[in-house]
file my_file-v1.pdb (PDB, C-alpha atoms)
ATOM      1  CA  MET E   1     -12.609  -2.616  10.043
ATOM      2  CA  HIS E   2     -11.453  -5.897  11.547
ATOM      3  CA  LEU E   3     -13.398  -9.064  10.914
ATOM      4  CA  ASP E   4     -13.212 -11.829  13.465
ATOM      5  CA  ASN E   5     -12.481 -15.521  12.952
ATOM      6  CA  ARG E   6     -16.111 -16.304  12.046
ATOM      7  CA  VAL E   7     -15.775 -14.579   8.686
ATOM      8  CA  HIS E   8     -15.235 -16.431   5.445
ATOM      9  CA  TRP E   9     -13.808 -14.674   2.415
ATOM     10  CA  GLU E  10     -13.330 -15.464  -1.200
ATOM     11  CA  SER E  11     -10.325 -14.191  -3.030
ATOM     12  CA  ASN E  12     -10.695 -12.389  -6.352
ATOM     13  CA  ARG E  13      -6.926 -12.056  -6.721
ATOM     14  CA  THR E  14      -6.953 -13.113 -10.346
ATOM     15  CA  THR E  15      -7.947  -9.562 -11.353
ATOM     16  CA  ASP E  16      -4.425  -8.279 -10.615
ATOM     17  CA  GLU E  17      -2.177  -9.427 -13.450
ATOM     18  CA  GLU E  18       0.973  -8.666 -11.452
ATOM     19  CA  SER E  19      -0.138 -10.916  -8.624
ATOM     20  CA  ILE E  20       1.204 -14.440  -8.487
ATOM     21  CA  MET E  21      -1.417 -15.477  -5.971
ATOM     22  CA  GLN E  22      -4.146 -17.400  -7.734
ATOM     23  CA  SER E  23      -7.213 -18.923  -6.165
ATOM     24  CA  SER E  24      -9.874 -20.906  -7.991
ATOM     25  CA  ALA E  25     -11.989 -21.794  -4.970
ATOM     26  CA  ALA E  26     -13.174 -20.113  -1.812
ATOM     27  CA  GLU E  27     -10.750 -20.386   1.089
ATOM     28  CA  GLN E  28     -11.609 -20.350   4.761
ATOM     29  CA  ILE E  29      -8.862 -18.513   6.600
ATOM     30  CA  THR E  30      -8.202 -16.767   9.861
ATOM     31  CA  ILE E  31      -7.662 -13.068   9.385
ATOM     32  CA  PRO E  32      -5.002 -11.796  11.806
ATOM     33  CA  ALA E  33      -5.435  -8.844  14.123
ATOM     34  CA  ILE E  34      -4.582  -5.468  12.655
ATOM     35  CA  GLY E  35      -0.888  -4.872  13.258
ATOM     36  CA  ALA E  36       0.035  -8.561  13.212
ATOM     37  CA  ILE E  37       2.164 -10.311  10.607
ATOM     38  CA  TRP E  38      -0.082 -12.191   8.180
ATOM     39  CA  PRO E  39       1.830 -15.418   7.446
ATOM     40  CA  GLY E  40       2.144 -16.083   3.740
ATOM     41  CA  GLN E  41       0.840 -12.622   2.770
ATOM     42  CA  GLY E  42       4.081 -10.658   2.806
ATOM     43  CA  GLY E  43       3.884  -8.464   5.860
ATOM     44  CA  ILE E  44       1.806  -6.597   8.420
ATOM     45  CA  TYR E  45      -1.980  -6.629   8.194
ATOM     46  CA  ALA E  46      -3.431  -3.098   8.121
ATOM     47  CA  GLY E  47      -7.118  -4.003   7.765
ATOM     48  CA  ILE E  48      -9.682  -3.534   5.024
ATOM     49  CA  ARG E  49      -9.964  -0.467   2.809
ATOM     50  CA  GLN E  50     -12.467   0.652   0.165
ATOM     51  CA  TYR E  51     -11.173   1.056  -3.397
ATOM     52  CA  ALA E  52     -12.977   1.820  -6.654
ATOM     53  CA  ASP E  53     -13.127  -1.902  -7.461
ATOM     54  CA  GLY E  54     -14.324  -2.997  -3.994
ATOM     55  CA  LEU E  55     -13.071  -3.851  -0.526
ATOM     56  CA  ARG E  56      -9.448  -4.961  -0.290
ATOM     57  CA  HIS E  57      -7.215  -6.415   2.398
ATOM     58  CA  VAL E  58      -4.136  -4.201   2.886
ATOM     59  CA  VAL E  59      -0.732  -5.582   3.900
ATOM     60  CA  PHE E  60       2.364  -3.393   4.287
ATOM     61  CA  SER E  61       5.821  -4.905   4.039
ATOM     62  CA  ALA E  62       7.475  -5.466   7.403
ATOM     63  CA  GLU E  63      10.324  -3.146   6.456
ATOM     64  CA  ASP E  64      11.193  -0.115   4.387
ATOM     65  CA  VAL E  65      13.241  -0.604   1.216
ATOM     66  CA  GLY E  66      15.554   2.344   1.761
ATOM     67  CA  GLU E  67      15.409   5.991   0.762
ATOM     68  CA  HIS E  68      14.828   6.907  -2.876
ATOM     69  CA  GLU E  69      14.024   9.872  -5.092
ATOM     70  CA  TRP E  70      10.435  10.008  -6.319
ATOM     71  CA  SER E  71      11.412  10.900  -9.903
ATOM     72  CA  ALA E  72      13.083  13.433 -12.086
ATOM     73  CA  TYR E  73      12.178  16.973 -11.090
ATOM     74  CA  GLY E  74       9.985  18.730 -13.644
ATOM     75  CA  VAL E  75       8.479  15.568 -15.155
ATOM     76  CA  GLU E  76       4.722  15.100 -14.810
ATOM     77  CA  VAL E  77       2.958  11.748 -15.253
ATOM     78  CA  GLU E  78      -0.603  10.525 -14.670
ATOM     79  CA  ALA E  79      -0.061   9.251 -11.119
ATOM     80  CA  SER E  80      -2.547  11.317  -9.153
ATOM     81  CA  SER E  81      -4.820   8.789  -7.410
ATOM     82  CA  ARG E  82      -5.052   9.566  -3.710
ATOM     83  CA  ILE E  83      -6.727   6.208  -3.105
ATOM     84  CA  ASP E  84      -5.044   3.501  -5.173
ATOM     85  CA  GLY E  85      -1.268   3.222  -5.296
ATOM     86  CA  ARG E  86      -1.498   0.230  -7.669
ATOM     87  CA  ILE E  87      -2.789   2.491 -10.422
ATOM     88  CA  ASN E  88      -0.157   5.153  -9.746
ATOM     89  CA  SER E  89       2.646   2.606  -9.529
ATOM     90  CA  GLN E  90       1.666   0.974 -12.817
ATOM     91  CA  VAL E  91       2.065   4.362 -14.501
ATOM     92  CA  LEU E  92       5.318   5.120 -12.693
ATOM     93  CA  THR E  93       7.004   1.778 -13.324
ATOM     94  CA  ALA E  94       5.972   1.847 -17.002
ATOM     95  CA  ASN E  95       8.130   4.974 -17.344
ATOM     96  CA  ASP E  96      11.827   5.092 -16.541
ATOM     97  CA  GLY E  97      13.147   7.386 -13.840
ATOM     98  CA  HIS E  98      10.870   6.589 -10.861
ATOM     99  CA  PRO E  99      13.201   5.081  -8.243
ATOM    100  CA  ALA E 100      10.733   5.021  -5.313
ATOM    101  CA  ALA E 101       8.035   3.180  -7.291
ATOM    102  CA  SER E 102      10.609   0.794  -8.775
ATOM    103  CA  ALA E 103      12.041  -0.034  -5.330
ATOM    104  CA  ALA E 104       8.558  -0.863  -4.023
ATOM    105  CA  ALA E 105       7.645  -2.898  -7.124
ATOM    106  CA  ASN E 106      10.875  -4.912  -6.882
ATOM    107  CA  TYR E 107      10.187  -5.937  -3.281
ATOM    108  CA  THR E 108       9.269  -9.582  -2.644
ATOM    109  CA  ALA E 109       8.155 -11.365   0.519
ATOM    110  CA  ASP E 110       6.665 -14.827   1.071
ATOM    111  CA  GLY E 111       7.129 -15.412  -2.669
ATOM    112  CA  LEU E 112       4.764 -12.523  -3.516
ATOM    113  CA  THR E 113       5.736  -9.979  -6.147
ATOM    114  CA  ASP E 114       2.652  -7.726  -6.308
ATOM    115  CA  PHE E 115       3.910  -4.943  -4.030
ATOM    116  CA  TYR E 116       3.683  -1.283  -5.037
ATOM    117  CA  LEU E 117       4.314   2.252  -3.748
ATOM    118  CA  PRO E 118       1.270   3.240  -1.649
ATOM    119  CA  SER E 119      -0.941   6.217  -2.454
ATOM    120  CA  ILE E 120      -1.207   9.050   0.061
ATOM    121  CA  GLY E 121      -4.532   7.533   1.184
ATOM    122  CA  GLU E 122      -2.923   4.141   1.792
ATOM    123  CA  LEU E 123      -0.111   5.733   3.813
ATOM    124  CA  SER E 124      -2.739   7.610   5.830
ATOM    125  CA  HIS E 125      -4.431   4.246   6.445
ATOM    126  CA  GLY E 126      -1.087   2.945   7.728
ATOM    127  CA  TRP E 127      -0.781   5.965  10.017
ATOM    128  CA  GLN E 128      -4.294   5.365  11.384
ATOM    129  CA  PHE E 129      -4.001   1.648  12.023
ATOM    130  CA  ILE E 130      -0.342   0.571  12.313
ATOM    131  CA  PRO E 131       1.849   3.663  12.909
ATOM    132  CA  GLU E 132       4.075   1.768  15.347
ATOM    133  CA  HIS E 133       5.306  -0.373  12.442
ATOM    134  CA  PHE E 134       6.740   2.585  10.515
ATOM    135  CA  LYS E 135       9.976   4.415  11.145
ATOM    136  CA  ARG E 136       9.128   7.871  12.502
ATOM    137  CA  ASP E 137      10.175   9.634   9.322
ATOM    138  CA  TRP E 138       8.865  10.899   5.970
ATOM    139  CA  HIS E 139       7.668   8.255   3.488
ATOM    140  CA  TRP E 140       6.979   8.800  -0.210
ATOM    141  CA  SER E 141       3.535   8.069  -1.603
ATOM    142  CA  SER E 142       2.863   7.257  -5.258
ATOM    143  CA  THR E 143       0.561  10.288  -5.503
ATOM    144  CA  GLN E 144       1.976  13.112  -7.613
ATOM    145  CA  ARG E 145       1.044  16.740  -6.928
ATOM    146  CA  SER E 146       2.689  18.318  -9.975
ATOM    147  CA  ALA E 147       5.726  18.055 -12.220
ATOM    148  CA  TYR E 148       7.812  19.207  -9.262
ATOM    149  CA  TYR E 149       6.163  17.746  -6.145
ATOM    150  CA  ALA E 150       4.695  14.490  -4.817
ATOM    151  CA  PHE E 151       2.857  13.712  -1.571
ATOM    152  CA  PHE E 152       4.577  12.265   1.496
ATOM    153  CA  MET E 153       3.384  11.062   4.919
ATOM    154  CA  ASP E 154       5.287  12.035   8.061
ATOM    155  CA  PHE E 155       5.059   9.105  10.486
ATOM    156  CA  ASP E 156       6.604  11.150  13.291
ATOM    157  CA  VAL E 157       3.665  13.544  13.730
ATOM    158  CA  GLY E 158       1.076  12.322  11.196
ATOM    159  CA  ASP E 159       1.338  15.213   8.747
ATOM    160  CA  GLN E 160       0.890  14.953   5.006
ATOM    161  CA  GLY E 161       2.466  17.331   2.560
ATOM    162  CA  THR E 162       4.271  17.686  -0.731
ATOM    163  CA  TYR E 163       8.006  17.715  -1.303
ATOM    164  CA  GLY E 164      10.406  18.107  -4.213
ATOM    165  CA  LYS E 165      10.596  14.864  -6.178
ATOM    166  CA  PHE E 166      14.390  14.883  -6.257
ATOM    167  CA  TYR E 167      14.628  14.352  -2.465
ATOM    168  CA  GLU E 168      15.246  10.875  -1.105
ATOM    169  CA  LEU E 169      12.545   9.744   1.346
ATOM    170  CA  ARG E 170      11.730   6.361   2.864
ATOM    171  CA  VAL E 171       9.795   3.817   0.771
ATOM    172  CA  ARG E 172       7.405   1.239   2.297
ATOM    173  CA  PRO E 173       5.883  -1.282  -0.136
ATOM    174  CA  VAL E 174       2.255  -2.347   0.208
ATOM    175  CA  ARG E 175      -0.019  -4.896  -1.450
ATOM    176  CA  SER E 176      -3.767  -5.320  -1.522
ATOM    177  CA  TRP E 177      -6.271  -7.786  -2.945
ATOM    178  CA  LEU E 178     -10.012  -7.845  -3.513
ATOM    179  CA  ILE E 179     -12.243  -9.685  -1.095
ATOM    180  CA  SER E 180     -15.858 -10.647  -0.897
ATOM    181  CA  VAL E 181     -17.189 -11.349   2.542
ATOM    182  CA  SER E 182     -19.863 -13.767   3.681
ATOM    183  CA  TYR E 183     -20.808 -14.096   7.322
ATOM    184  CA  THR E 184     -21.360 -17.385   9.121
ATOM    185  CA  HIS E 185     -24.271 -17.362  11.540
ATOM    186  CA  LEU E 186     -23.480 -19.030  14.847
TER     187      LEU E 186
END
call {"tool": "encode", "arguments": {"input": "my_file-v1.pdb", "output": "structure tokens"}}
result
Amino acid sequence: MHLDNRVHWESNRTTDEESIMQSSAAEQITIPAIGAIWPGQGGIYAGIRQYADGLRHVVFSAEDVGEHEWSAYGVEVEASSRIDGRINSQVLTANDGHPAASAAANYTADGLTDFYLPSIGELSHGWQFIPEHFKRDWHWSSTQRSAYYAFFMDFDVGDQGTYGKFYELRVRPVRSWLISVSYTHL
């Protein structure tokens, strides 16, 4: 859902401890069009998405960070959220041996360091709203299927599936932050 320039939002970014963006007061900003670079926010605006903790703006990095293995084959961790890659990535980066999640977490842009490996739902959101900004290839999600497989998104044809974790697939970092919206009557 895209909100036009008449919308005001307040940032609740302080809830994400990995985020360096802090805001103590409401900001009036212009939200860019979906698919446009959002200056100062680290990449390409993909719109608003519902998460367990509320509505969040979603911004994908403007580039992939290479091809990486998901993790060691045969190792299962609690990274099964299909909605929130932040939760999955926190689990993955807290354990050694998760190159895709580590590559995404180590990405920085516009001075921001709160990027993570997207969930399968977040990659699907990217496919729906900004597919032209992704290389037409397979991209790892942070969503694990089992000790042997994790979910990927194919940006060539829009398929989702699972693949052996030892394969190297493309990694596209993402970041999101909570918003609260208030409308201005004209």
call {"tool": "residues_around", "arguments": {"input": "my_file-v1.pdb", "residues": "range 32-37 of chain E", "least_positions_apart": "4", "cutoff": "7 Å", "atoms": "all atoms listed in the file", "output": "JSON, numbers by chain"}}
result
{"E": [2, 43, 44, 45, 46, 47, 130]}
call {"tool": "resolve_selection", "arguments": {"input": "my_file-v1.pdb", "expression": "the PyMOL selection byres ((chain E and resi 168) around 6)", "output": "PyMOL selection string"}}
result
chain E and resi 67-69+167+169
call {"tool": "closest_residue", "arguments": {"input": "my_file-v1.pdb", "among": "E:Ser102, E:Thr108, E:Ser81, E:Thr30", "to": "Ala62 in chain E", "atoms": "only C-alpha atoms"}}
result
E:Thr108
call {"tool": "resolve_selection", "arguments": {"input": "my_file-v1.pdb", "expression": "the PyMOL selection byres ((chain E and resi 121) around 9)", "output": "list of chain:residue names"}}
result
E:Ser81, E:Arg82, E:Ile83, E:Asp84, E:Gly85, E:Pro118, E:Ser119, E:Ile120, E:Glu122, E:Leu123, E:Ser124, E:His125, E:Gly126, E:Ser141, E:Thr143
call {"tool": "residues_near_point", "arguments": {"input": "my_file-v1.pdb", "point": "(12.2, 8.3, -10.7)", "cutoff": "10 Å", "atoms": "all atoms listed in the file", "output": "short mmCIF file (atom, residue, chain, number, x, y, z; two decimals) with C-alpha atoms, in the coordinates of the input"}}
result
data_model
loop_
_atom_site.label_atom_id
_atom_site.label_comp_id
_atom_site.auth_asym_id
_atom_site.auth_seq_id
_atom_site.Cartn_x
_atom_site.Cartn_y
_atom_site.Cartn_z
CA HIS E 68 14.83 6.91 -2.88
CA GLU E 69 14.02 9.87 -5.09
CA TRP E 70 10.44 10.01 -6.32
CA SER E 71 11.41 10.90 -9.90
CA ALA E 72 13.08 13.43 -12.09
CA TYR E 73 12.18 16.97 -11.09
CA VAL E 75 8.48 15.57 -15.16
CA LEU E 92 5.32 5.12 -12.69
CA THR E 93 7.00 1.78 -13.32
CA ASN E 95 8.13 4.97 -17.34
CA ASP E 96 11.83 5.09 -16.54
CA GLY E 97 13.15 7.39 -13.84
CA HIS E 98 10.87 6.59 -10.86
CA PRO E 99 13.20 5.08 -8.24
CA ALA E 100 10.73 5.02 -5.31
CA ALA E 101 8.04 3.18 -7.29
CA SER E 102 10.61 0.79 -8.78
CA ALA E 103 12.04 -0.03 -5.33
CA LYS E 165 10.60 14.86 -6.18
CA PHE E 166 14.39 14.88 -6.26
#
call {"tool": "decode", "arguments": {"input": "my_file-v1.pdb", "residues": "range 110-126 of chain E", "atoms": "N, CA and C atoms", "output": "mmCIF file, in the first residue's frame"}}
result
data_model
loop_
_atom_site.group_PDB
_atom_site.id
_atom_site.type_symbol
_atom_site.label_atom_id
_atom_site.label_comp_id
_atom_site.auth_asym_id
_atom_site.auth_seq_id
_atom_site.Cartn_x
_atom_site.Cartn_y
_atom_site.Cartn_z
ATOM 1 N N ASP E 110 24.010 4.109 3.513
ATOM 2 C CA ASP E 110 23.566 5.377 4.102
ATOM 3 C C ASP E 110 23.848 5.420 5.602
ATOM 4 N N GLY E 111 24.886 4.725 6.049
ATOM 5 C CA GLY E 111 25.244 4.695 7.459
ATOM 6 C C GLY E 111 24.377 3.772 8.304
ATOM 7 N N LEU E 112 23.479 3.023 7.676
ATOM 8 C CA LEU E 112 22.557 2.133 8.395
ATOM 9 C C LEU E 112 23.131 0.725 8.463
ATOM 10 N N THR E 113 22.982 0.104 9.625
ATOM 11 C CA THR E 113 23.550 -1.224 9.838
ATOM 12 C C THR E 113 22.509 -2.245 10.287
ATOM 13 N N ASP E 114 21.223 -1.961 10.071
ATOM 14 C CA ASP E 114 20.169 -2.855 10.558
ATOM 15 C C ASP E 114 19.577 -3.740 9.459
ATOM 16 N N PHE E 115 20.380 -4.089 8.475
ATOM 17 C CA PHE E 115 19.921 -4.974 7.401
ATOM 18 C C PHE E 115 19.933 -6.427 7.864
ATOM 19 N N TYR E 116 19.136 -7.252 7.202
ATOM 20 C CA TYR E 116 19.041 -8.671 7.541
ATOM 21 C C TYR E 116 18.643 -9.468 6.307
ATOM 22 N N LEU E 117 18.717 -10.792 6.407
ATOM 23 C CA LEU E 117 18.310 -11.691 5.328
ATOM 24 C C LEU E 117 16.784 -11.803 5.360
ATOM 25 N N PRO E 118 16.106 -11.464 4.262
ATOM 26 C CA PRO E 118 14.637 -11.449 4.281
ATOM 27 C C PRO E 118 14.022 -12.840 4.433
ATOM 28 N N SER E 119 12.835 -12.872 5.039
ATOM 29 C CA SER E 119 12.055 -14.106 5.104
ATOM 30 C C SER E 119 11.503 -14.413 3.711
ATOM 31 N N ILE E 120 10.929 -15.599 3.550
ATOM 32 C CA ILE E 120 10.324 -15.939 2.264
ATOM 33 C C ILE E 120 9.157 -14.991 1.960
ATOM 34 N N GLY E 121 8.434 -14.562 2.985
ATOM 35 C CA GLY E 121 7.340 -13.605 2.783
ATOM 36 C C GLY E 121 7.838 -12.251 2.315
ATOM 37 N N GLU E 122 8.965 -11.804 2.867
ATOM 38 C CA GLU E 122 9.537 -10.518 2.449
ATOM 39 C C GLU E 122 10.067 -10.585 1.023
ATOM 40 N N LEU E 123 10.669 -11.717 0.644
ATOM 41 C CA LEU E 123 11.106 -11.866 -0.751
ATOM 42 C C LEU E 123 9.904 -11.892 -1.687
ATOM 43 N N SER E 124 8.827 -12.548 -1.270
ATOM 44 C CA SER E 124 7.604 -12.554 -2.078
ATOM 45 C C SER E 124 7.067 -11.130 -2.245
ATOM 46 N N HIS E 125 7.155 -10.340 -1.190
ATOM 47 C CA HIS E 125 6.757 -8.927 -1.250
ATOM 48 C C HIS E 125 7.613 -8.190 -2.296
ATOM 49 N N GLY E 126 8.915 -8.472 -2.289
ATOM 50 C CA GLY E 126 9.797 -7.885 -3.299
ATOM 51 C C GLY E 126 9.405 -8.295 -4.708
#
